[in-house]
$ cat model01.csv   # CSV, C-alpha atoms and all ligand atoms
chain,number,residue,atom,x,y,z
A,1,LEU,CA,105.5,48.4,129.6
A,2,SER,CA,108.9,50.1,130.2
A,3,ARG,CA,110.5,48.3,127.3
A,4,GLY,CA,107.8,49.7,125.1
A,5,ILE,CA,108.3,53.4,125.9
A,6,SER,CA,111.1,55.5,124.6
A,7,THR,CA,111.7,58.6,126.7
A,8,SER,CA,114.8,60.0,125.1
A,9,GLY,CA,114.7,63.8,124.7
A,10,TYR,CA,116.5,63.7,121.4
A,11,LEU,CA,114.3,62.9,118.4
A,12,HIS,CA,115.9,61.1,115.5
A,13,SER,CA,112.8,60.8,113.3
A,14,ALA,CA,111.9,63.4,110.7
A,15,ILE,CA,108.5,63.6,112.3
A,16,LYS,CA,108.4,66.1,115.2
A,17,ASN,CA,105.1,67.9,114.9
A,18,VAL,CA,102.1,65.5,115.2
A,19,THR,CA,98.4,66.3,114.9
A,20,VAL,CA,95.9,63.7,116.0
A,21,ILE,CA,92.3,64.2,114.8
A,22,GLY,CA,89.6,62.6,117.0
A,23,GLY,CA,90.2,62.7,120.8
A,24,GLY,CA,88.3,59.6,121.8
A,25,LEU,CA,89.6,56.3,123.2
A,26,MET,CA,92.3,55.9,120.5
A,27,GLY,CA,93.2,59.5,119.6
A,28,SER,CA,93.9,60.4,123.2
A,29,GLY,CA,96.2,57.4,123.6
A,30,ILE,CA,98.0,58.2,120.3
A,31,ALA,CA,98.5,61.8,121.4
A,32,GLN,CA,99.8,60.7,124.7
A,33,VAL,CA,102.5,58.3,123.4
A,34,ALA,CA,103.7,60.9,120.9
A,35,ALA,CA,104.0,63.6,123.7
A,36,GLN,CA,105.8,61.1,125.9
A,37,VAL,CA,108.8,61.0,123.5
A,38,GLY,CA,108.8,64.8,123.0
A,39,ASN,CA,106.8,65.3,119.9
A,40,ASP,CA,104.8,68.6,119.7
A,41,VAL,CA,101.3,67.2,119.6
A,42,THR,CA,97.9,68.8,118.9
A,43,LEU,CA,94.8,66.8,119.6
A,44,VAL,CA,91.8,68.0,117.7
A,45,ASP,CA,88.1,67.1,118.1
A,46,VAL,CA,84.8,68.6,117.0
A,47,ASN,CA,83.4,68.2,120.5
A,48,ASP,CA,84.8,70.2,123.5
A,49,GLY,CA,83.5,67.6,125.9
A,50,ALA,CA,85.5,64.9,124.2
A,51,LEU,CA,88.7,67.1,124.5
A,52,GLN,CA,88.0,67.6,128.3
A,53,LYS,CA,87.6,63.9,128.7
A,54,ALA,CA,90.8,63.2,126.7
A,55,LYS,CA,92.7,65.6,128.9
A,56,SER,CA,91.6,63.8,132.1
A,57,SER,CA,92.1,60.3,130.7
A,58,ILE,CA,95.6,61.2,129.5
A,59,GLN,CA,96.5,62.5,132.9
A,60,THR,CA,95.3,59.3,134.6
A,61,SER,CA,97.1,57.1,132.1
A,62,ILE,CA,100.4,59.1,132.2
A,63,GLN,CA,100.5,58.7,135.9
A,64,ARG,CA,100.3,55.0,135.6
A,65,VAL,CA,103.1,55.0,133.0
A,66,ALA,CA,105.3,57.2,135.1
A,67,LYS,CA,104.7,55.0,138.2
A,68,LYS,CA,105.9,52.1,136.2
A,69,LEU,CA,108.9,53.7,134.5
A,70,TYR,CA,110.2,55.7,137.5
A,71,LYS,CA,109.3,53.3,140.3
A,72,ASP,CA,112.5,54.2,142.2
A,73,ASN,CA,112.7,57.9,141.3
A,74,PRO,CA,109.4,59.7,141.8
A,75,SER,CA,110.8,63.1,141.2
A,76,GLU,CA,112.0,62.0,137.7
A,77,GLY,CA,108.5,60.6,137.2
A,78,GLU,CA,107.0,64.0,138.0
A,79,LYS,CA,109.3,65.6,135.5
A,80,PHE,CA,108.3,63.1,132.9
A,81,ILE,CA,104.7,63.8,133.5
A,82,SER,CA,105.0,67.6,133.3
A,83,ASN,CA,107.3,67.5,130.2
A,84,SER,CA,104.9,65.2,128.4
A,85,LEU,CA,101.8,67.2,129.3
A,86,GLY,CA,103.6,70.3,128.3
A,87,LYS,CA,104.0,68.9,124.8
A,88,LEU,CA,100.2,68.5,124.3
A,89,ASN,CA,97.8,71.1,122.9
A,90,PHE,CA,94.1,70.7,122.5
A,91,SER,CA,92.1,72.3,119.8
A,92,LEU,CA,88.7,72.6,118.1
A,93,ASN,CA,90.2,74.3,115.1
A,94,LEU,CA,90.9,71.6,112.5
A,95,LYS,CA,92.5,73.7,109.7
A,96,ASP,CA,94.9,75.7,111.9
A,97,SER,CA,96.0,72.5,113.7
A,98,VAL,CA,97.2,70.8,110.5
A,99,LYS,CA,99.2,73.7,109.0
A,100,ASN,CA,102.6,72.9,110.7
A,101,ALA,CA,102.2,69.1,111.1
A,102,ASP,CA,104.8,66.6,109.8
A,103,LEU,CA,102.3,63.9,110.5
A,104,VAL,CA,98.5,64.0,110.8
A,105,ILE,CA,96.8,60.9,112.3
A,106,GLU,CA,93.1,60.4,111.9
A,107,ALA,CA,91.2,58.5,114.7
A,108,ILE,CA,87.6,59.6,114.2
A,109,VAL,CA,84.5,57.4,113.7
A,110,GLU,CA,84.8,54.2,111.6
A,111,ASN,CA,82.9,55.6,108.6
A,112,LEU,CA,84.3,56.0,105.2
A,113,GLU,CA,82.2,59.0,104.2
A,114,THR,CA,83.1,60.9,107.4
A,115,LYS,CA,86.8,60.1,106.9
A,116,HIS,CA,86.6,61.2,103.3
A,117,ASN,CA,85.0,64.6,104.4
A,118,LEU,CA,87.8,65.1,106.9
A,119,PHE,CA,90.7,64.3,104.5
A,120,SER,CA,89.3,66.4,101.7
A,121,ASN,CA,88.9,69.3,104.1
A,122,ILE,CA,92.5,69.2,105.2
A,123,ASP,CA,94.3,68.1,102.0
A,124,SER,CA,94.5,71.7,100.6
A,125,VAL,CA,95.4,73.3,104.0
A,126,ALA,CA,98.3,71.0,105.1
A,127,SER,CA,101.8,71.5,103.8
A,128,SER,CA,102.8,69.4,100.7
A,129,LYS,CA,105.3,67.5,102.9
A,130,THR,CA,102.8,66.5,105.5
A,131,ILE,CA,102.1,62.7,105.8
A,132,PHE,CA,98.5,61.7,106.4
A,133,ALA,CA,97.7,58.5,108.3
A,134,SER,CA,94.5,56.7,109.3
A,135,ASN,CA,94.1,54.5,112.4
A,136,THR,CA,91.1,52.7,110.8
A,137,SER,CA,90.4,49.2,112.2
A,138,SER,CA,88.8,47.8,109.1
A,139,LEU,CA,88.5,50.1,106.2
A,140,SER,CA,90.9,50.1,103.2
A,141,ILE,CA,93.7,52.7,103.5
A,142,GLN,CA,93.6,53.0,99.7
A,143,ASP,CA,89.9,53.8,99.7
A,144,ILE,CA,90.4,56.4,102.5
A,145,ALA,CA,93.3,58.0,100.6
A,146,SER,CA,91.5,58.2,97.3
A,147,VAL,CA,90.0,61.7,98.0
A,148,THR,CA,93.4,63.3,98.6
A,149,SER,CA,96.1,64.5,96.1
A,150,ARG,CA,98.8,63.0,98.3
A,151,LYS,CA,98.4,59.3,97.8
A,152,ASP,CA,102.2,58.8,98.0
A,153,ARG,CA,102.2,60.5,101.4
A,154,PHE,CA,99.3,58.4,102.8
A,155,ILE,CA,99.7,55.4,105.1
A,156,GLY,CA,97.8,53.3,107.7
A,157,LEU,CA,99.1,53.5,111.3
A,158,HIS,CA,97.0,51.1,113.3
A,159,PHE,CA,97.3,51.2,117.1
A,160,PHE,CA,95.8,48.9,119.7
A,161,ASN,CA,93.8,49.7,122.8
A,162,PRO,CA,95.1,50.7,125.4
A,163,VAL,CA,97.6,52.6,123.2
A,164,PRO,CA,100.1,53.4,126.0
A,165,VAL,CA,100.3,49.7,126.9
A,166,MET,CA,100.0,47.7,123.7
A,167,LYS,CA,103.3,47.5,122.0
A,168,LEU,CA,102.3,46.8,118.4
A,169,LEU,CA,101.8,49.2,115.6
A,170,GLU,CA,100.7,47.9,112.2
A,171,VAL,CA,102.1,50.1,109.4
A,172,ILE,CA,100.1,49.7,106.2
A,173,ARG,CA,101.2,50.9,102.8
A,174,THR,CA,99.1,51.1,99.7
A,175,PRO,CA,100.5,50.5,96.2
A,176,GLU,CA,100.8,54.3,96.0
A,177,THR,CA,102.6,54.9,99.3
A,178,SER,CA,106.1,56.1,98.6
A,179,ASP,CA,109.2,54.4,100.1
A,180,ASP,CA,110.1,57.6,101.8
A,181,THR,CA,106.7,57.9,103.5
A,182,PHE,CA,106.9,54.2,104.6
A,183,LYS,CA,110.4,54.7,106.0
A,184,LYS,CA,109.5,57.8,107.9
A,185,ALA,CA,106.4,56.1,109.4
A,186,MET,CA,108.4,53.0,110.5
A,187,GLU,CA,111.1,55.2,112.1
A,188,TRP,CA,108.5,57.2,113.9
A,189,GLY,CA,106.7,54.1,115.1
A,190,LYS,CA,110.0,52.9,116.6
A,191,GLU,CA,110.7,56.2,118.2
A,192,ILE,CA,107.4,56.2,120.1
A,193,GLY,CA,108.5,52.8,121.4
A,194,LYS,CA,106.3,50.5,119.4
A,195,VAL,CA,107.2,47.3,117.6
A,196,THR,CA,106.2,47.8,114.0
A,197,ILE,CA,104.9,45.2,111.6
A,198,THR,CA,103.6,45.6,108.1
A,199,CYS,CA,101.1,43.8,106.0
A,200,LYS,CA,99.0,44.4,102.8
A,201,ASP,CA,96.0,46.7,102.8
A,202,THR,CA,93.6,43.9,103.4
A,203,PRO,CA,90.4,43.9,105.7
A,204,GLY,CA,91.5,44.0,109.4
A,205,PHE,CA,95.2,43.9,108.5
A,206,VAL,CA,96.7,41.1,110.7
A,207,VAL,CA,95.3,41.5,114.2
A,208,ASN,CA,91.7,42.4,113.5
A,209,ARG,CA,91.4,39.9,110.6
A,210,LEU,CA,92.1,37.2,113.2
A,211,LEU,CA,90.7,38.8,116.4
A,212,VAL,CA,87.3,40.0,115.1
A,213,PRO,CA,86.2,36.6,113.7
A,214,PHE,CA,87.5,35.0,117.0
A,215,MET,CA,85.1,37.2,119.0
A,216,SER,CA,82.3,36.5,116.6
A,217,GLU,CA,82.8,32.7,116.8
A,218,ALA,CA,82.5,33.1,120.6
A,219,PHE,CA,79.2,34.8,120.2
A,220,LYS,CA,78.0,31.9,117.9
A,221,MET,CA,79.1,29.4,120.6
A,222,LEU,CA,77.1,31.3,123.2
A,223,GLU,CA,74.0,31.4,120.8
A,224,ARG,CA,74.3,27.6,120.4
A,225,GLY,CA,74.3,27.2,124.2
A,226,ASP,CA,77.6,25.3,124.1
A,227,ALA,CA,78.9,27.0,127.2
A,228,THR,CA,78.4,30.1,129.3
A,229,ALA,CA,80.2,33.4,128.5
A,230,LYS,CA,82.1,33.1,131.8
A,231,ASP,CA,83.3,29.6,131.0
A,232,ILE,CA,84.3,30.5,127.5
A,233,ASP,CA,86.4,33.4,128.8
A,234,ILE,CA,88.0,31.3,131.5
A,235,ALA,CA,88.8,28.6,128.9
A,236,MET,CA,90.6,31.0,126.5
A,237,LYS,CA,92.5,32.7,129.3
A,238,LEU,CA,93.7,29.5,131.0
A,239,GLY,CA,93.7,27.1,128.1
A,240,ALA,CA,95.2,29.4,125.4
A,241,GLY,CA,97.0,32.1,127.4
A,242,TYR,CA,94.9,35.1,126.3
A,243,PRO,CA,95.0,38.1,128.7
A,244,MET,CA,91.2,38.5,128.2
A,245,GLY,CA,88.6,36.0,127.1
A,246,PRO,CA,86.6,36.9,123.9
A,247,PHE,CA,83.7,38.4,125.8
A,248,GLU,CA,85.9,40.5,128.1
A,249,LEU,CA,87.7,41.7,125.0
A,250,ALA,CA,84.5,42.4,123.1
A,251,ASP,CA,83.2,44.4,126.0
A,252,TYR,CA,86.5,46.3,126.2
A,253,VAL,CA,86.7,47.1,122.4
A,254,GLY,CA,83.1,48.2,122.3
A,255,HIS,CA,80.2,46.3,120.6
A,256,ASP,CA,79.5,49.3,118.4
A,257,THR,CA,83.0,49.2,117.0
A,258,THR,CA,82.9,45.5,116.4
A,259,TYR,CA,79.5,45.8,114.8
A,260,PHE,CA,80.7,48.6,112.4
A,261,ILE,CA,83.7,46.5,111.4
A,262,LEU,CA,81.6,43.3,110.7
A,263,LYS,CA,78.8,45.2,108.9
A,264,GLY,CA,81.3,47.0,106.6
A,265,TRP,CA,83.1,43.8,105.8
A,266,SER,CA,79.9,41.7,105.2
A,267,GLU,CA,78.6,44.4,102.8
A,268,LYS,CA,81.9,44.4,100.9
A,269,TYR,CA,82.5,40.6,101.0
A,270,PRO,CA,79.0,39.0,101.3
A,271,ASP,CA,80.5,35.5,100.5
A,272,VAL,CA,82.6,35.4,103.7
A,273,PRO,CA,80.4,33.8,106.4
A,274,GLN,CA,82.8,34.8,109.3
A,275,PHE,CA,82.1,38.5,108.5
A,276,LYS,CA,78.3,38.3,109.2
A,277,PRO,CA,77.4,40.1,112.5
A,278,THR,CA,75.7,37.8,114.9
A,279,GLU,CA,72.2,38.4,116.3
A,280,THR,CA,73.6,38.8,119.9
A,281,LEU,CA,75.9,41.5,118.7
A,282,LYS,CA,73.1,43.4,116.9
A,283,LYS,CA,70.9,43.1,120.0
A,284,LEU,CA,73.6,44.5,122.4
A,285,VAL,CA,74.1,47.4,120.0
A,286,ASN,CA,70.4,48.1,119.7
A,287,GLU,CA,70.0,48.1,123.5
A,288,GLY,CA,73.0,50.5,123.9
A,289,LYS,CA,74.9,47.8,125.8
A,290,LEU,CA,78.2,48.7,124.2
A,291,GLY,CA,80.5,47.2,126.9
A,292,VAL,CA,82.8,48.8,129.4
A,293,LYS,CA,82.3,52.3,128.1
A,294,THR,CA,78.5,52.3,128.7
A,295,GLY,CA,78.7,50.2,132.0
A,296,GLU,CA,77.1,47.1,130.5
A,297,GLY,CA,77.8,44.6,127.7
A,298,ILE,CA,78.0,40.9,128.1
A,299,TYR,CA,79.0,41.7,131.7
A,300,SER,CA,78.0,44.5,134.0
A,301,TYR,CA,80.5,47.2,135.0
A,302,LYS,CA,78.2,49.2,137.2
B,1,LIG,N1,97.3,53.6,130.5
B,1,LIG,C1,98.5,53.3,131.1
B,1,LIG,N2,98.7,52.1,131.7
B,1,LIG,C2,97.8,51.2,131.7
B,1,LIG,C3,96.5,51.4,131.1
B,1,LIG,C4,96.3,52.6,130.5
B,1,LIG,N3,95.1,52.9,129.8
B,1,LIG,N4,95.8,50.3,131.2
B,1,LIG,C5,96.5,49.4,131.9
B,1,LIG,N5,97.7,50.0,132.2
B,1,LIG,C6,98.8,49.3,132.9
B,1,LIG,C7,98.5,49.2,134.4
B,1,LIG,O1,98.9,50.3,135.1
B,1,LIG,C8,99.3,48.0,134.8
B,1,LIG,O2,100.6,48.4,135.1
B,1,LIG,P1,101.4,47.6,136.3
B,1,LIG,O3,101.9,46.4,135.7
B,1,LIG,O4,102.5,48.6,136.6
B,1,LIG,O5,100.4,47.5,137.4
B,1,LIG,C9,99.4,47.1,133.5
B,1,LIG,O6,99.1,48.0,132.4
B,1,LIG,C10,98.4,46.0,133.6
B,1,LIG,O7,97.1,46.5,133.8
B,1,LIG,P2,96.0,45.9,134.9
B,1,LIG,O8,96.8,45.4,136.0
B,1,LIG,O9,95.0,47.0,135.2
B,1,LIG,O10,95.3,44.8,134.1
B,1,LIG,P3,95.7,43.6,133.2
B,1,LIG,O11,97.0,43.0,133.7
B,1,LIG,O12,94.5,42.8,133.0
B,1,LIG,O13,96.1,44.4,131.8
B,1,LIG,C11,95.4,44.9,129.6
B,1,LIG,C12,95.2,45.1,131.1
B,1,LIG,C13,96.8,45.4,129.2
B,1,LIG,C14,94.3,45.7,128.9
B,1,LIG,C15,95.3,43.4,129.3
B,1,LIG,O14,94.2,42.8,129.9
B,1,LIG,C16,95.3,43.1,127.9
B,1,LIG,O15,96.4,43.0,127.2
B,1,LIG,N6,94.1,42.8,127.3
B,1,LIG,C17,94.0,42.6,125.9
B,1,LIG,C18,93.9,43.9,125.1
B,1,LIG,C19,93.8,43.7,123.7
B,1,LIG,O16,93.7,42.6,123.1
B,1,LIG,N7,93.8,44.9,123.0
B,1,LIG,C20,93.6,44.9,121.6
B,1,LIG,C21,92.1,45.1,121.2
B,1,LIG,S1,91.8,45.1,119.5
B,1,LIG,C22,92.3,46.7,119.0
B,1,LIG,O17,92.6,47.5,119.8
B,1,LIG,C23,92.2,46.9,117.6
B,1,LIG,C24,91.0,47.4,117.0
B,1,LIG,O18,91.1,48.0,115.9
B,1,LIG,C25,89.6,47.1,117.5
B,2,LIG,P1,85.7,57.1,119.8
B,2,LIG,O1,84.3,57.2,119.5
B,2,LIG,O2,86.2,56.9,121.2
B,2,LIG,O3,86.4,58.6,119.4
B,2,LIG,C1,86.1,59.2,118.2
B,2,LIG,C2,86.3,60.7,118.4
B,2,LIG,O4,86.3,61.4,117.1
B,2,LIG,C3,85.1,61.3,119.2
B,2,LIG,O5,85.7,62.1,120.3
B,2,LIG,C4,84.5,62.3,118.2
B,2,LIG,O6,84.0,63.5,118.8
B,2,LIG,C5,85.6,62.6,117.2
B,2,LIG,N1,85.2,63.0,115.9
B,2,LIG,C6,84.2,62.5,115.1
B,2,LIG,N2,84.2,63.1,113.9
B,2,LIG,C7,85.2,64.0,113.9
B,2,LIG,C8,85.7,65.0,113.0
B,2,LIG,N3,85.1,65.1,111.8
B,2,LIG,N4,86.7,65.7,113.3
B,2,LIG,C9,87.3,65.6,114.6
B,2,LIG,N5,86.9,64.8,115.5
B,2,LIG,C10,85.8,64.0,115.2
B,2,LIG,O7,86.4,56.1,118.8
B,2,LIG,P2,87.7,55.2,118.9
B,2,LIG,O8,87.4,53.9,119.5
B,2,LIG,O9,88.8,56.1,119.4
B,2,LIG,O10,88.0,54.9,117.4
B,2,LIG,C11,88.6,55.9,116.5
B,2,LIG,C12,89.1,55.2,115.2
B,2,LIG,O11,90.1,54.2,115.7
B,2,LIG,C13,88.1,54.4,114.4
B,2,LIG,O12,88.5,54.4,113.1
B,2,LIG,C14,88.3,53.0,115.0
B,2,LIG,O13,87.9,52.0,114.1
B,2,LIG,C15,89.8,52.9,115.2
B,2,LIG,N6,90.3,52.0,116.2
B,2,LIG,C16,89.5,51.6,117.3
B,2,LIG,C17,90.0,50.7,118.3
B,2,LIG,C18,89.3,50.4,119.5
B,2,LIG,O14,89.6,49.4,120.2
B,2,LIG,N7,88.2,51.1,119.9
B,2,LIG,C19,91.3,50.2,118.1
B,2,LIG,C20,92.1,50.5,117.0
B,2,LIG,C21,91.5,51.4,116.0

$ encode --input "model01.csv" --output "structure tokens" --more "lines below"
Ligand code: CAA
Ligand code: NAD
Amino acid sequence: LSRGISTSGYLHSAIKNVTVIGGGLMGSGIAQVAAQVGNDVTLVDVNDGALQKAKSSIQTSIQRVAKKLYKDNPSEGEKFISNSLGKLNFSLNLKDSVKNADLVIEAIVENLETKHNLFSNIDSVASSKTIFASNTSSLSIQDIASVTSRKDRFIGLHFFNPVPVMKLLEVIRTPETSDDTFKKAMEWGKEIGKVTITCKDTPGFVVNRLLVPFMSEAFKMLERGDATAKDIDIAMKLGAGYPMGPFELADYVGHDTTYFILKGWSEKYPDVPQFKPTETLKKLVNEGKLGVKTGEGIYSYK
């Protein structure tokens, strides 16, 4: 964890003012890691309840980070917490929040139309120098950027859950993304302590293109009755070194998220059998058993 976090007070990157839109699971983590290195951060949501929840989850998470980073120096740890929290603003006012941003990162629901509405609304308000980014798990960055007039300043910045812990950042450029935008995004990624990789604007980029079919194959194994969920999870942890088995991971990511990803891909690429959502996944979503966040998925968390 400590290797993944930069805490230097001096910022080298051109990006200093960051606006994160969507204060859920991912947006709150992204806002947190930017504030931890001293960026001025505004977290925006349409829902005040979501902002309150984000505030409290950031407080809990930042305490865990401080405990780890400043094990032997609790008073420095307290300073780190208050400095980071002091860099965070919360807002319901979308247009005001993007006006001074160097970078706007979108982490709202995984739906192309909703993302299009958002980016068309802010394109005319944000400064011409502002870089727009999406944290989409599965949609094409070029498709999302298509409604803006800043396709050269549009990029994919794909984080992983839990954002303060997972060290990877996938940086996705489209054929229209400029070298300058790509360079600034890579520099910022390093400044927030992430290891950056890049790949083409393809479904799921690197991690999800491999991880989502992996979880789906585990569901098929369960449907065939080959083994129990628990044994499949144990097998992949102890036999392949994964930190979580496929069902623990699917419960953690959220079955709704995985379902949206697979549904979108199977509509766009009907010939790829790995992209077809399984019956078990559909059933879990219909029953509202979305995983850890609802207290029940494959396993119970009540
Ligand atoms: N904030 C801050 N710190 C946190 C944290 C959080 N939200 N969650 C865990 N931690 C810290 C803990 O404090 C703990 O620190 P110490 O070592 O100091 O105790 C450390 O991380 C390990 O946590 P735990 O002991 O609670 O549990 P663990 O060892 O099982 O680790 C885990 C938890 C890091 C989540 C690990 O199980 C893991 O890596 N799981 C796989 C996660 C994964 O694959 N994520 C990607 C999902 S796919 C995705 O995100 C992309 C998409 O688009 C869907
Ligand atoms: P979430 O449901 O936890 O949070 C989404 C938030 O966006 C909610 O608080 C909602 O109120 C807010 N919102 C919705 N529409 C909005 C709008 N128009 N303006 C402002 N706020 C709005 O979702 P999440 O899991 O954080 O996922 C967000 C994005 O990140 C999605 O694109 C998802 O695919 C991607 N992602 C998710 C994961 C994961 O593991 N869950 C990992 C990487 C990327």

$ closest_atom_pairs --input "model01.csv" --of "chain A" --to "ligand LIG 1 (chain B)" --cutoff "6 Å" --atoms "all atoms listed in the file" --output "JSON lines"
{"residue": "A:Ser61", "atom": "CA", "partner": "B:LIG1", "partner_atom": "N1", "distance": 3.9}
{"residue": "A:Arg64", "atom": "CA", "partner": "B:LIG1", "partner_atom": "O1", "distance": 4.9}
{"residue": "A:Val65", "atom": "CA", "partner": "B:LIG1", "partner_atom": "C1", "distance": 5.3}
{"residue": "A:Lys68", "atom": "CA", "partner": "B:LIG1", "partner_atom": "O4", "distance": 4.9}
{"residue": "A:Ser137", "atom": "CA", "partner": "B:LIG1", "partner_atom": "O18", "distance": 4.0}
{"residue": "A:Phe160", "atom": "CA", "partner": "B:LIG1", "partner_atom": "O17", "distance": 3.5}
{"residue": "A:Asn161", "atom": "CA", "partner": "B:LIG1", "partner_atom": "O17", "distance": 3.9}
{"residue": "A:Pro162", "atom": "CA", "partner": "B:LIG1", "partner_atom": "N3", "distance": 4.9}
{"residue": "A:Pro164", "atom": "CA", "partner": "B:LIG1", "partner_atom": "N1", "distance": 5.3}
{"residue": "A:Val165", "atom": "CA", "partner": "B:LIG1", "partner_atom": "N2", "distance": 5.6}
{"residue": "A:Pro243", "atom": "CA", "partner": "B:LIG1", "partner_atom": "O14", "distance": 4.9}
{"residue": "A:Met244", "atom": "CA", "partner": "B:LIG1", "partner_atom": "N6", "distance": 5.3}
{"residue": "A:Val253", "atom": "CA", "partner": "B:LIG1", "partner_atom": "C25", "distance": 5.7}

$ write_last_selection --input "model01.csv" --atoms "C-alpha atoms" --output "tab-separated table (two decimals), in the coordinates of the input"
chain	number	residue	atom	x	y	z
A	61	SER	CA	97.10	57.10	132.10
A	64	ARG	CA	100.30	55.00	135.60
A	65	VAL	CA	103.10	55.00	133.00
A	68	LYS	CA	105.90	52.10	136.20
A	137	SER	CA	90.40	49.20	112.20
A	160	PHE	CA	95.80	48.90	119.70
A	161	ASN	CA	93.80	49.70	122.80
A	162	PRO	CA	95.10	50.70	125.40
A	164	PRO	CA	100.10	53.40	126.00
A	165	VAL	CA	100.30	49.70	126.90
A	243	PRO	CA	95.00	38.10	128.70
A	244	MET	CA	91.20	38.50	128.20
A	253	VAL	CA	86.70	47.10	122.40

$ closest_atom_pairs --input "model01.csv" --of "stretch 23-123 of chain A" --to "stretch 181-204 of chain A" --cutoff "12 Å" --atoms "all atoms listed in the file" --output "tab-separated table"
residue	atom	partner	partner_atom	distance
A:Gly29	CA	A:Ile192	CA	11.8
A:Ile30	CA	A:Ile192	CA	9.6
A:Ala31	CA	A:Ile192	CA	10.6
A:Gln32	CA	A:Ile192	CA	10.0
A:Val33	CA	A:Ile192	CA	6.3
A:Ala34	CA	A:Ile192	CA	6.0
A:Ala35	CA	A:Ile192	CA	8.9
A:Gln36	CA	A:Ile192	CA	7.8
A:Val37	CA	A:Ile192	CA	6.0
A:Gly38	CA	A:Ile192	CA	9.2
A:Asn39	CA	A:Ile192	CA	9.1
A:Asp102	CA	A:Lys184	CA	10.2
A:Leu103	CA	A:Ala185	CA	8.9
A:Val104	CA	A:Ala185	CA	11.3
A:Ile105	CA	A:Ala185	CA	11.1

$ closest_residue --input "model01.csv" --among "A:Met26, A:Ile261, A:Met215, A:Leu112" --to "ligand LIG 2 (chain B)" --atoms "only C-alpha atoms and all ligand atoms"
A:Met26

$ closest_residue --input "model01.csv" --among "A:Val171, A:Ile81, A:Ala250, A:Leu281" --to "ligand LIG 2 (chain B)" --atoms "only C-alpha atoms and all ligand atoms"
A:Ala250

$ residues_near_ligand --input "model01.csv" --ligand "ligand LIG 2 (chain B)" --cutoff "8 Å" --atoms "only C-alpha atoms and all ligand atoms" --output "PyMOL selection string"
chain A and resi 21-28+44-47+50-51+92+94+106-111+114-115+117-118+134-138+158-162+252-254+257+261

$ write_last_selection --input "model01.csv" --atoms "C-alpha atoms" --output "tab-separated table (two decimals), in the coordinates of the input"
chain	number	residue	atom	x	y	z
A	21	ILE	CA	92.30	64.20	114.80
A	22	GLY	CA	89.60	62.60	117.00
A	23	GLY	CA	90.20	62.70	120.80
A	24	GLY	CA	88.30	59.60	121.80
A	25	LEU	CA	89.60	56.30	123.20
A	26	MET	CA	92.30	55.90	120.50
A	27	GLY	CA	93.20	59.50	119.60
A	28	SER	CA	93.90	60.40	123.20
A	44	VAL	CA	91.80	68.00	117.70
A	45	ASP	CA	88.10	67.10	118.10
A	46	VAL	CA	84.80	68.60	117.00
A	47	ASN	CA	83.40	68.20	120.50
A	50	ALA	CA	85.50	64.90	124.20
A	51	LEU	CA	88.70	67.10	124.50
A	92	LEU	CA	88.70	72.60	118.10
A	94	LEU	CA	90.90	71.60	112.50
A	106	GLU	CA	93.10	60.40	111.90
A	107	ALA	CA	91.20	58.50	114.70
A	108	ILE	CA	87.60	59.60	114.20
A	109	VAL	CA	84.50	57.40	113.70
A	110	GLU	CA	84.80	54.20	111.60
A	111	ASN	CA	82.90	55.60	108.60
A	114	THR	CA	83.10	60.90	107.40
A	115	LYS	CA	86.80	60.10	106.90
A	117	ASN	CA	85.00	64.60	104.40
A	118	LEU	CA	87.80	65.10	106.90
A	134	SER	CA	94.50	56.70	109.30
A	135	ASN	CA	94.10	54.50	112.40
A	136	THR	CA	91.10	52.70	110.80
A	137	SER	CA	90.40	49.20	112.20
A	138	SER	CA	88.80	47.80	109.10
A	158	HIS	CA	97.00	51.10	113.30
A	159	PHE	CA	97.30	51.20	117.10
A	160	PHE	CA	95.80	48.90	119.70
A	161	ASN	CA	93.80	49.70	122.80
A	162	PRO	CA	95.10	50.70	125.40
A	252	TYR	CA	86.50	46.30	126.20
A	253	VAL	CA	86.70	47.10	122.40
A	254	GLY	CA	83.10	48.20	122.30
A	257	THR	CA	83.00	49.20	117.00
A	261	ILE	CA	83.70	46.50	111.40

$ atom_distance --input "model01.csv" --atom1 "atom CA of A:Gly297" --atom2 "atom CA of A:Leu157"
28.3 Å

$ residues_around --input "model01.csv" --residues "A:Thr280" --least-positions-apart "3" --cutoff "7 Å" --atoms "all atoms listed in the file" --output "PyMOL selection string"
chain A and resi 219+283-284

$ atom_distance --input "model01.csv" --atom1 "atom CA of A:Thr130" --atom2 "atom CA of A:Ile58"
25.6 Å

$ closest_residue --input "model01.csv" --among "A:Glu76, A:Glu279, A:Asp143, A:Asp96" --to "A:Glu113" --atoms "all atoms listed in the file"
A:Asp143

$ closest_residue --input "model01.csv" --among "A:Leu69, A:Leu85, A:Ser75, A:Ser140" --to "A:Ala54" --atoms "all atoms listed in the file"
A:Leu85

$ residues_near_point --input "model01.csv" --point "(94.2, 71.4, 123.8)" --cutoff "9 Å" --atoms "only C-alpha atoms" --output "list in words"
Thr42, Leu43, Val44, Leu51, Gln52, Lys55, Leu88, Asn89, Phe90, Ser91 and Leu92 of chain A

$ closest_residue --input "model01.csv" --among "A:Ala133, A:Ser120, A:Pro273, A:Val163" --to "A:Ile62" --atoms "all atoms listed in the file"
A:Val163

$ atom_distance --input "model01.csv" --atom1 "atom CA of A:Asn100" --atom2 "atom CA of A:Lys16"
10.0 Å

$ closest_residue --input "model01.csv" --among "A:Leu290, A:Ile131, A:Ile15, A:Ala227" --to "A:Ser178" --atoms "all atoms listed in the file"
A:Ile131

$ closest_atom_pairs --input "model01.csv" --of "stretch 138-222 of chain A" --to "stretch 231-238 of chain A" --cutoff "10 Å" --atoms "all atoms listed in the file" --output "JSON lines"
{"residue": "A:Ala218", "atom": "CA", "partner": "A:Ile232", "partner_atom": "CA", "distance": 7.6}
{"residue": "A:Phe219", "atom": "CA", "partner": "A:Ile232", "partner_atom": "CA", "distance": 9.9}
{"residue": "A:Met221", "atom": "CA", "partner": "A:Ile232", "partner_atom": "CA", "distance": 8.7}
{"residue": "A:Leu222", "atom": "CA", "partner": "A:Ile232", "partner_atom": "CA", "distance": 8.4}
